[in-house]
Amino acid sequence: MLPQSRRDLILRTLRADGPSEVRALADKLGVSQATIRRDLEQLDAEGRLTRVYGGAMAVEDDQDDPWAEVAAERVEDKDAVARACADMIEDGETVLLDIGTTAHRLARLLHGRSITVITSNLAVFDELRDDDAVDLVLLGGLVRRTYHSLVGYLTEDNLRQVHANRLFLGCAGVRADGAVMDTTVVEVPVKRAMIKAADRVVLMADGGKFPGVGMARVCGPEILNVVVTTESADPPTRRALTDAGVEVVVV
């Protein structure tokens with residue numbers, strides 16, 4: 001993982017989990033404590049976090065809009081992934097769109113399509129809410145305002161009542177063995193419920209998420225049908241996915 005991507009993930013982890021120790025961050029990101037200390041020193045010098053004894057905490061000004069920060073990362077790669085995913089969808093299908101900014105970029109390409117979209121992504125809902133061609137289903141749940149998502153047992157229960165042809169799944173990263181990871185524990189049960197509700201699972205993961213990190217395991221590669229990524233994706237991880245029977249689409 002590139003240093004900047006790792007530092008962005010450190011900041012998102014601190015926002016989601018609160019103050020964290022160096023050891024906990026190192027375990028979560030799968031790197032050495034020395035690497036984390038160097039990252040924290042750099043981020044502290046940039047004013048993006050505050051060092052505390054044994055670790056760090058997010059600064060207040062850096063917690064305002066994590067969605068906007070993530071949305072500005074690797075935009076061209078996300079658009080390429082979104083276009084490939086849009087091409088997979090056939091008229092008349094029902095699709096599930098996960099949370100995240102790539103799913104939002106996919107939704108932008110679905111205007112005027114004769115499809116049903118089910119989502120817990122509030123940005124997707126806002127994008128498609130006025131499009132009469134798209135049948136739009138918004139799942140219920142607890143609103144996570146800073147991440148534009150719905151979570152909790154209501155969301156999971158809603159997902160047990162629906163069925164989709166395809167799920168377009170997001171993630172924090174893909175491990176070297178092909179495991180799909182996320183940094184936010186509260187989102188993982190929703191992702192797993194989405195997987196159960198869909199016939200096919202398409203993972204949207206640009207190259208910056210290979211090989212990825214994350215605290216919580218969403219699923220193994222055997223659950224995935226397709227992974228859509230970009231040329232910069234780590235070759236050994238791509239091979240691990242292919243070996244597991246996953247179709248890897250590189251855009």
# chains A, B, ... in the order shown; residues from 1 in each chain; ligands from 1

call {"tool": "residues_around", "arguments": {"residues": "Ser20 in chain A", "least_positions_apart": "6", "cutoff": "12 Å", "atoms": "only C-alpha atoms", "output": "JSON, numbers by chain"}}
result
{"A": [10, 11, 12, 13, 14, 26, 27, 28, 36, 40, 49, 50, 51, 52, 53, 54, 55, 56, 57, 58]}

call {"tool": "residues_around", "arguments": {"residues": "Arg113 in chain A", "least_positions_apart": "6", "cutoff": "8 Å", "atoms": "only C-alpha atoms", "output": "PyMOL selection string"}}
result
chain A and resi 91+133-134

call {"tool": "select_by_dssp", "arguments": {"residues": "range 101-243 of chain A", "states": "alpha helix (DSSP H)", "output": "ChimeraX atom specification"}}
result
/A:101-108,122-128,153-159,188-196,235-243

call {"tool": "write_last_selection", "arguments": {"atoms": "N, CA and C atoms", "output": "short mmCIF file (atom, residue, chain, number, x, y, z; two decimals), in the first residue's frame"}}
result
data_model
loop_
_atom_site.label_atom_id
_atom_site.label_comp_id
_atom_site.auth_asym_id
_atom_site.auth_seq_id
_atom_site.Cartn_x
_atom_site.Cartn_y
_atom_site.Cartn_z
N THR A 101 -18.11 5.82 -1.96
CA THR A 101 -18.08 6.81 -3.03
C THR A 101 -18.04 6.18 -4.42
N THR A 102 -17.49 4.97 -4.57
CA THR A 102 -17.51 4.31 -5.87
C THR A 102 -18.93 3.91 -6.24
N ALA A 103 -19.70 3.44 -5.28
CA ALA A 103 -21.11 3.12 -5.53
C ALA A 103 -21.88 4.36 -5.96
N HIS A 104 -21.55 5.50 -5.35
CA HIS A 104 -22.19 6.76 -5.75
C HIS A 104 -21.85 7.10 -7.19
N ARG A 105 -20.60 6.89 -7.58
CA ARG A 105 -20.19 7.17 -8.96
C ARG A 105 -20.87 6.21 -9.93
N LEU A 106 -21.10 4.98 -9.50
CA LEU A 106 -21.86 4.03 -10.31
C LEU A 106 -23.30 4.52 -10.48
N ALA A 107 -23.91 5.01 -9.41
CA ALA A 107 -25.29 5.49 -9.48
C ALA A 107 -25.44 6.61 -10.51
N ARG A 108 -24.43 7.45 -10.66
CA ARG A 108 -24.48 8.54 -11.63
C ARG A 108 -24.63 8.02 -13.06
N LEU A 122 -26.95 6.82 1.24
CA LEU A 122 -27.77 8.02 1.12
C LEU A 122 -27.35 8.88 -0.06
N ALA A 123 -26.08 8.81 -0.46
CA ALA A 123 -25.63 9.56 -1.63
C ALA A 123 -26.23 8.96 -2.90
N VAL A 124 -26.34 7.63 -2.95
CA VAL A 124 -27.01 6.98 -4.08
C VAL A 124 -28.48 7.37 -4.12
N PHE A 125 -29.12 7.37 -2.97
CA PHE A 125 -30.52 7.78 -2.89
C PHE A 125 -30.71 9.20 -3.41
N ASP A 126 -29.86 10.13 -2.96
CA ASP A 126 -29.96 11.51 -3.42
C ASP A 126 -29.73 11.62 -4.93
N GLU A 127 -28.83 10.80 -5.46
CA GLU A 127 -28.51 10.84 -6.88
C GLU A 127 -29.69 10.40 -7.74
N LEU A 128 -30.42 9.37 -7.31
CA LEU A 128 -31.45 8.75 -8.14
C LEU A 128 -32.88 9.07 -7.73
N TYR A 153 -29.71 -3.13 12.93
CA TYR A 153 -30.55 -4.31 12.76
C TYR A 153 -31.72 -4.06 11.82
N LEU A 154 -32.21 -2.80 11.74
CA LEU A 154 -33.29 -2.51 10.81
C LEU A 154 -32.83 -2.68 9.36
N THR A 155 -31.61 -2.23 9.08
CA THR A 155 -31.05 -2.40 7.73
C THR A 155 -30.89 -3.87 7.41
N GLU A 156 -30.34 -4.62 8.35
CA GLU A 156 -30.12 -6.05 8.13
C GLU A 156 -31.45 -6.79 7.96
N ASP A 157 -32.47 -6.42 8.74
CA ASP A 157 -33.78 -7.05 8.62
C ASP A 157 -34.42 -6.73 7.27
N ASN A 158 -34.30 -5.48 6.83
CA ASN A 158 -34.82 -5.11 5.51
C ASN A 158 -34.20 -5.96 4.41
N LEU A 159 -32.91 -6.23 4.53
CA LEU A 159 -32.20 -6.99 3.51
C LEU A 159 -32.67 -8.44 3.44
N VAL A 188 -20.02 -3.99 8.68
CA VAL A 188 -19.77 -5.35 8.21
C VAL A 188 -21.04 -6.21 8.21
N PRO A 189 -21.88 -6.21 9.26
CA PRO A 189 -23.10 -7.02 9.19
C PRO A 189 -24.02 -6.64 8.05
N VAL A 190 -24.06 -5.36 7.70
CA VAL A 190 -24.89 -4.93 6.57
C VAL A 190 -24.32 -5.49 5.27
N LYS A 191 -23.01 -5.42 5.10
CA LYS A 191 -22.38 -5.97 3.89
C LYS A 191 -22.66 -7.47 3.77
N ARG A 192 -22.56 -8.18 4.89
CA ARG A 192 -22.81 -9.62 4.85
C ARG A 192 -24.26 -9.93 4.52
N ALA A 193 -25.19 -9.11 5.04
CA ALA A 193 -26.60 -9.29 4.71
C ALA A 193 -26.86 -9.00 3.23
N MET A 194 -26.16 -8.02 2.67
CA MET A 194 -26.28 -7.74 1.24
C MET A 194 -25.81 -8.92 0.41
N ILE A 195 -24.71 -9.52 0.82
CA ILE A 195 -24.17 -10.68 0.09
C ILE A 195 -25.21 -11.81 0.05
N LYS A 196 -25.88 -12.06 1.17
CA LYS A 196 -26.89 -13.11 1.22
C LYS A 196 -28.10 -12.80 0.36
N PRO A 235 -0.36 -7.33 -8.24
CA PRO A 235 -0.47 -8.57 -9.03
C PRO A 235 -0.62 -9.85 -8.20
N PRO A 236 0.16 -10.05 -7.12
CA PRO A 236 -0.03 -11.30 -6.35
C PRO A 236 -1.45 -11.43 -5.78
N THR A 237 -2.03 -10.32 -5.34
CA THR A 237 -3.39 -10.38 -4.81
C THR A 237 -4.38 -10.71 -5.92
N ARG A 238 -4.17 -10.13 -7.09
CA ARG A 238 -5.02 -10.45 -8.24
C ARG A 238 -4.93 -11.94 -8.59
N ARG A 239 -3.71 -12.48 -8.51
CA ARG A 239 -3.55 -13.91 -8.81
C ARG A 239 -4.25 -14.77 -7.76
N ALA A 240 -4.19 -14.33 -6.50
CA ALA A 240 -4.87 -15.08 -5.44
C ALA A 240 -6.38 -15.13 -5.69
N LEU A 241 -6.92 -14.03 -6.16
CA LEU A 241 -8.36 -13.99 -6.49
C LEU A 241 -8.68 -14.92 -7.65
N THR A 242 -7.86 -14.86 -8.69
CA THR A 242 -8.07 -15.72 -9.85
C THR A 242 -7.97 -17.18 -9.47
N ASP A 243 -6.99 -17.51 -8.63
CA ASP A 243 -6.83 -18.89 -8.18
C ASP A 243 -8.04 -19.38 -7.37
#

call {"tool": "atom_distance", "arguments": {"atom1": "CA of Leu169 in chain A", "atom2": "CA of Val202 in chain A"}}
result
6.0 Å

call {"tool": "atom_distance", "arguments": {"atom1": "CA of Val226 in chain A", "atom2": "CA of Asp132 in chain A"}}
result
29.4 Å

call {"tool": "residues_around", "arguments": {"residues": "range 203-207 of chain A", "least_positions_apart": "5", "cutoff": "6 Å", "atoms": "only C-alpha atoms", "output": "PyMOL selection string"}}
result
chain A and resi 168-170+227-230+232-233

call {"tool": "closest_residue", "arguments": {"among": "A:Leu43, A:Leu97, A:Val151, A:Leu109", "to": "Leu136 in chain A", "atoms": "only C-alpha atoms"}}
result
A:Leu97

call {"tool": "atom_distance", "arguments": {"atom1": "CA of Val117 in chain A", "atom2": "CA of Arg74 in chain A"}}
result
24.9 Å

call {"tool": "residues_around", "arguments": {"residues": "Ser149 in chain A", "least_positions_apart": "6", "cutoff": "6 Å", "atoms": "only C-alpha atoms", "output": "ChimeraX atom specification"}}
result
/A:120-122,143

call {"tool": "write_last_selection", "arguments": {"atoms": "C-alpha atoms", "output": "PDB file, in the first residue's frame"}}
result
ATOM      1  CA  SER A 120     -28.322   1.872   2.166  1.00  0.00           C
ATOM      2  CA  ASN A 121     -26.198   4.591   0.584  1.00  0.00           C
ATOM      3  CA  LEU A 122     -27.768   8.019   1.120  1.00  0.00           C
ATOM      4  CA  VAL A 143     -28.192   7.121   9.891  1.00  0.00           C
TER       5      VAL A 143
END

call {"tool": "select_by_dssp", "arguments": {"residues": "range 23-138 of chain A", "states": "strand (DSSP E or B)", "output": "MDAnalysis selection string"}}
result
chainID A and resid 49:52 55:58 94:97 116:119 121 135:138

call {"tool": "closest_residue", "arguments": {"among": "A:Glu187, A:Val180, A:Gly208, A:Asp98", "to": "Pro3 in chain A", "atoms": "only C-alpha atoms"}}
result
A:Gly208

call {"tool": "closest_residue", "arguments": {"among": "A:Val201, A:Leu9, A:Val75, A:Cys219", "to": "Glu247 in chain A", "atoms": "only C-alpha atoms"}}
result
A:Val201

call {"tool": "closest_residue", "arguments": {"among": "A:Leu29, A:Val162, A:Ala45, A:Val81", "to": "Ala216 in chain A", "atoms": "only C-alpha atoms"}}
result
A:Leu29

call {"tool": "closest_residue", "arguments": {"among": "A:Thr184, A:Ala197, A:Gly214, A:Asp135", "to": "Leu25 in chain A", "atoms": "only C-alpha atoms"}}
result
A:Gly214

call {"tool": "closest_residue", "arguments": {"among": "A:Gln42, A:Leu139, A:Glu231, A:Ala86", "to": "Val250 in chain A", "atoms": "only C-alpha atoms"}}
result
A:Glu231

call {"tool": "decode", "arguments": {"residues": "range 155-187 of chain A", "atoms": "N, CA, C and O atoms", "output": "short mmCIF file (atom, residue, chain, number, x, y, z; two decimals), in the first residue's frame"}}
result
data_model
loop_
_atom_site.label_atom_id
_atom_site.label_comp_id
_atom_site.auth_asym_id
_atom_site.auth_seq_id
_atom_site.Cartn_x
_atom_site.Cartn_y
_atom_site.Cartn_z
N THR A 155 -31.61 -2.23 9.08
CA THR A 155 -31.05 -2.40 7.73
C THR A 155 -30.89 -3.87 7.41
O THR A 155 -31.26 -4.33 6.32
N GLU A 156 -30.34 -4.62 8.35
CA GLU A 156 -30.12 -6.05 8.13
C GLU A 156 -31.45 -6.79 7.96
O GLU A 156 -31.57 -7.67 7.10
N ASP A 157 -32.47 -6.42 8.74
CA ASP A 157 -33.78 -7.05 8.62
C ASP A 157 -34.42 -6.73 7.27
O ASP A 157 -35.02 -7.61 6.63
N ASN A 158 -34.30 -5.48 6.83
CA ASN A 158 -34.82 -5.11 5.51
C ASN A 158 -34.20 -5.96 4.41
O ASN A 158 -34.87 -6.38 3.47
N LEU A 159 -32.91 -6.23 4.53
CA LEU A 159 -32.20 -6.99 3.51
C LEU A 159 -32.67 -8.44 3.44
O LEU A 159 -32.57 -9.09 2.40
N ARG A 160 -33.21 -8.95 4.54
CA ARG A 160 -33.75 -10.32 4.53
C ARG A 160 -35.06 -10.39 3.75
O ARG A 160 -35.53 -11.50 3.44
N GLN A 161 -35.65 -9.24 3.44
CA GLN A 161 -36.94 -9.20 2.74
C GLN A 161 -36.80 -8.93 1.24
O GLN A 161 -37.81 -8.87 0.53
N VAL A 162 -35.57 -8.76 0.75
CA VAL A 162 -35.39 -8.40 -0.66
C VAL A 162 -34.43 -9.39 -1.34
O VAL A 162 -33.73 -10.15 -0.69
N HIS A 163 -34.43 -9.31 -2.68
CA HIS A 163 -33.54 -10.16 -3.49
C HIS A 163 -33.03 -9.34 -4.66
O HIS A 163 -33.79 -8.58 -5.28
N ALA A 164 -31.75 -9.47 -4.98
CA ALA A 164 -31.14 -8.72 -6.08
C ALA A 164 -30.39 -9.66 -7.01
O ALA A 164 -29.87 -10.70 -6.59
N ASN A 165 -30.35 -9.27 -8.28
CA ASN A 165 -29.55 -10.04 -9.25
C ASN A 165 -28.06 -9.88 -9.00
O ASN A 165 -27.29 -10.82 -9.12
N ARG A 166 -27.66 -8.64 -8.65
CA ARG A 166 -26.24 -8.35 -8.42
C ARG A 166 -26.08 -7.40 -7.24
O ARG A 166 -26.87 -6.47 -7.06
N LEU A 167 -25.03 -7.64 -6.50
CA LEU A 167 -24.58 -6.70 -5.46
C LEU A 167 -23.28 -6.08 -5.92
O LEU A 167 -22.35 -6.79 -6.34
N PHE A 168 -23.21 -4.76 -5.85
CA PHE A 168 -21.96 -4.05 -6.10
C PHE A 168 -21.42 -3.62 -4.74
O PHE A 168 -21.93 -2.69 -4.13
N LEU A 169 -20.42 -4.36 -4.29
CA LEU A 169 -19.89 -4.27 -2.93
C LEU A 169 -18.66 -3.39 -2.88
O LEU A 169 -17.80 -3.46 -3.76
N GLY A 170 -18.56 -2.57 -1.84
CA GLY A 170 -17.36 -1.77 -1.60
C GLY A 170 -16.56 -2.36 -0.46
O GLY A 170 -17.01 -3.28 0.23
N CYS A 171 -15.36 -1.83 -0.23
CA CYS A 171 -14.52 -2.33 0.85
C CYS A 171 -13.44 -1.33 1.18
O CYS A 171 -13.20 -0.38 0.44
N ALA A 172 -12.76 -1.56 2.32
CA ALA A 172 -11.59 -0.76 2.68
C ALA A 172 -10.35 -1.30 1.99
O ALA A 172 -9.43 -0.56 1.68
N GLY A 173 -10.32 -2.62 1.77
CA GLY A 173 -9.15 -3.21 1.13
C GLY A 173 -9.32 -4.69 0.89
O GLY A 173 -10.25 -5.32 1.41
N VAL A 174 -8.42 -5.24 0.08
CA VAL A 174 -8.40 -6.67 -0.20
C VAL A 174 -7.05 -7.21 0.26
O VAL A 174 -6.00 -6.77 -0.21
N ARG A 175 -7.07 -8.15 1.18
CA ARG A 175 -5.84 -8.75 1.69
C ARG A 175 -5.13 -9.57 0.62
O ARG A 175 -5.71 -9.92 -0.40
N ALA A 176 -3.89 -9.90 0.90
CA ALA A 176 -3.08 -10.65 -0.05
C ALA A 176 -3.69 -12.02 -0.38
O ALA A 176 -3.45 -12.56 -1.46
N ASP A 177 -4.48 -12.58 0.54
CA ASP A 177 -5.12 -13.88 0.29
C ASP A 177 -6.49 -13.74 -0.37
O ASP A 177 -7.19 -14.73 -0.57
N GLY A 178 -6.88 -12.49 -0.71
CA GLY A 178 -8.15 -12.25 -1.37
C GLY A 178 -9.30 -11.92 -0.42
O GLY A 178 -10.42 -11.67 -0.87
N ALA A 179 -9.05 -11.91 0.89
CA ALA A 179 -10.11 -11.59 1.85
C ALA A 179 -10.50 -10.12 1.73
O ALA A 179 -9.65 -9.25 1.59
N VAL A 180 -11.80 -9.87 1.80
CA VAL A 180 -12.35 -8.51 1.71
C VAL A 180 -12.45 -7.94 3.12
O VAL A 180 -13.06 -8.55 4.01
N MET A 181 -11.88 -6.74 3.33
CA MET A 181 -11.80 -6.15 4.66
C MET A 181 -12.49 -4.80 4.72
O MET A 181 -12.65 -4.11 3.70
N ASP A 182 -12.90 -4.43 5.93
CA ASP A 182 -13.47 -3.10 6.16
C ASP A 182 -12.91 -2.54 7.46
O ASP A 182 -12.50 -3.31 8.35
N THR A 183 -12.89 -1.22 7.58
CA THR A 183 -12.35 -0.58 8.77
C THR A 183 -13.40 -0.29 9.82
O THR A 183 -13.06 -0.01 10.97
N THR A 184 -14.67 -0.35 9.46
CA THR A 184 -15.75 0.04 10.37
C THR A 184 -16.61 -1.17 10.71
O THR A 184 -17.34 -1.68 9.84
N VAL A 185 -16.54 -1.60 11.95
CA VAL A 185 -17.21 -2.83 12.37
C VAL A 185 -18.72 -2.76 12.13
O VAL A 185 -19.34 -3.75 11.71
N VAL A 186 -19.32 -1.60 12.35
CA VAL A 186 -20.78 -1.49 12.26
C VAL A 186 -21.29 -1.71 10.84
O VAL A 186 -22.45 -2.07 10.65
N GLU A 187 -20.45 -1.52 9.84
CA GLU A 187 -20.88 -1.71 8.45
C GLU A 187 -20.82 -3.17 8.01
O GLU A 187 -21.50 -3.57 7.06
#
